[in-house]
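Asks: Below is one structure. I have some questions about it.
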Amino acid sequence: MITALAVGMSIWHIVIAYTGGYELIFQRGTSYLFGLTLIFLVFRENGGTKYDGLITAVLVGCVVLSIGYPVTNATYFNARLFYVDPLRLEDYILGTIAILLTLEAARRTINNALPIIVAVFLVYTYWGPYFPWEFAHRGSSIAHMIDHHYLAQEGLWNLPLGVFSIFIFLFILFGAFLDRMGAADYYCRLSMAVAGRLRGGPAKAAVFASALTGSITGSANANVATTGPFTIPMMKKTGFKAEIAAGIETAASTGGQVMPPIMGASAFLIVEFTGISYWEVVKVSILPCALYFLSVYNIVHLEARKGGLVGLPADQLERTWQVLKEGWYYLLPPFIIIIALMYGYGVPFSGLIGILSIIILAALKGMLTLFQKSRSDGIGASDIFGSVKRGIGNIIGALESGAIRSLPICAAVGAVGLVMGTLFQTGLGIKFSTMMISL
């Protein structure tokens, strides 16, 4: 079930990118329906009781009812005047369930902090008259809160969810395809070959590897999970303290969020809020990104000198040119996306071009492997069938892993939508800005 839903979620977002999108609530609601359903199937809390499966089934059923309701009734949602038209009984029930499910999804996938923050904002919306100074407002009823956050386009179906459905998911999927092709391991090998023999070489290789991996993931967490298991043991082996090695990996991986062409979610929010093109955001991010990684590199060098550390022996490292010659094609897809953006293609369509380029490169790689084997050992129908089968399996695996990687962000944008809905409903942003200016 998880595989089927994850593959379906990926295909849905590919369709959005190809067609240009659908009606707002239908498109964003469908993305959120996929996301929340997968969250409660993947991030299960096994308490060791016989009711764990039943609890998961109930939660999934609540997701299908509460999030499927706006998807299948988008016309009703768009036609009604919020704050004017009365709420139906099902609006009250399903709206409350949807908000509670959003808080629980954020708790399961991220931590307790985000749902607590969202809960504080919801309390602030209801108990507004009891807050001091400029933060006080006239308050809101439960009906108006459900109307605003669930039935209107100011809460759950806010801009962050739209950015997720159009931009963020597609580039997470791009990173999943490239990772499935073997790019992440290759980036670590190339970085170690380039920097391994320098003073504190494994730590400097971690900086290079995080920069390369960040260009295809745009996520600090994914960056650490991909490069950390390889670089941290190597740093410890050459003399770095465990906490220093972890700190270097974390700092380097954080830069992946500002590494073009695939940057963090904030870059796509900038595009939506300001209306400027993503290519402009990419261009102005190049210099800060270079300065960030240069600063981390310099800190690593100073830390290595302070500890009297040296690099790895040359006989333990691969030759840079040999590694580059083996897998230079892994470096092409990010540049293909940049070229597509330079030529004026839309961001989603550029992402599709990048994914298609990975599939073509992987197919060419498989064909070349078969050709080389045919010259040495000969091949039969079973070899060709096996190669095609592995290729299809890799595509399905990338579609599945891309969707699962996106789940924490999906939960986060739902929670952030509730926070932004509170800012609009209560005027908190204006009130806070006015108070700061007055001070």
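Ligands are numbered from 1 in the order shown, residues from 1 within each chain, and chains are lettered A, B, ... in the order they appear in the structure tokens.
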Need the shell around A:Leu5: protein/DNA/RNA residues with any atom at most 12 Å away, counting only C-alpha atoms. Skip same-chain ones fewer than 3 positions apart. Format as a ChimeraX atom specification?
Replies: /A:1-2,8-12,30-31,33-39,41-42,396,399-404
Asks: So which residues touch A:Ile338 within 12 Å, counting only C-alpha atoms, skipping near sequence neighbours fewer than 6 positions away, as a list in words?
Replies: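 What passes the distance filter is Ser215, Ile216, Pro260, Pro261, Ile262, Tyr278, Trp279, Glu280, Val281, Val282, Lys283, Leu331, Leu332, Gly344, Tyr345, Gly346, Val347, Phe349, Ser350, Gly351, Ile353 and Gly354 of chain A.
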Asks: Any chance you could tabulate, as a tab-separated table, the residues of stretch 219-281 of chain A at most 12 Å from stretch 152-176 of chain A with each one's nearest atom pair and distance in Å to one decimal, using only C-alpha atoms, in chain and rising number order?
Replies:
residue	atom	partner	partner_atom	distance
A:Ser219	CA	A:Ile172	CA	8.8
A:Ala222	CA	A:Gly175	CA	9.7
A:Asn223	CA	A:Gly175	CA	10.7
A:Thr226	CA	A:Ala176	CA	11.4
A:Pro260	CA	A:Phe171	CA	11.6
A:Pro261	CA	A:Phe171	CA	9.5
A:Ile262	CA	A:Phe171	CA	6.6
A:Met263	CA	A:Phe171	CA	8.8
A:Gly264	CA	A:Ile168	CA	8.0
A:Ala265	CA	A:Ile168	CA	6.2
A:Ser266	CA	A:Pro160	CA	9.5
A:Ala267	CA	A:Ile168	CA	9.5
A:Phe268	CA	A:Val163	CA	6.5
A:Leu269	CA	A:Val163	CA	6.5
A:Ile270	CA	A:Val163	CA	9.9
A:Val271	CA	A:Val163	CA	9.1
A:Glu272	CA	A:Val163	CA	7.3
A:Phe273	CA	A:Leu159	CA	8.6
A:Tyr278	CA	A:Phe167	CA	10.2
Asks: Which is closest to A:Val419 among A:Phe240, A:Phe26, A:Phe121, A:Tyr186, if we use only C-alpha atoms?
Replies: A:Phe121
Asks: A:Met235: which residues within 6 Å, counting only C-alpha atoms, same-chain residues fewer than 5 positions away excluded, as a list of chain:residue names?
Replies: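 Those residues are A:Pro202, A:Ala203, A:Phe240, A:Ala245.
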Asks: Rank A:Leu324, A:Ile248, A:Ala119, A:Leu356 by their smallest atom-to-atom distance to A:Glu303, using only C-alpha atoms, and report the top residue only.
Replies: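 Of A:Leu324, A:Ile248, A:Ala119, A:Leu356, the one nearest A:Glu303, counting only C-alpha atoms, is A:Ile248.
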Asks: When DSSP is applied to the backbone of this structure, which of stretch 206-416 of chain A are assigned helix (DSSP H, G or I)? Write them out as number ranges by chain.
Replies: A: 206-217, 220-237, 242-258, 265-274, 278-306, 314-316, 320-342, 347-376, 381-416
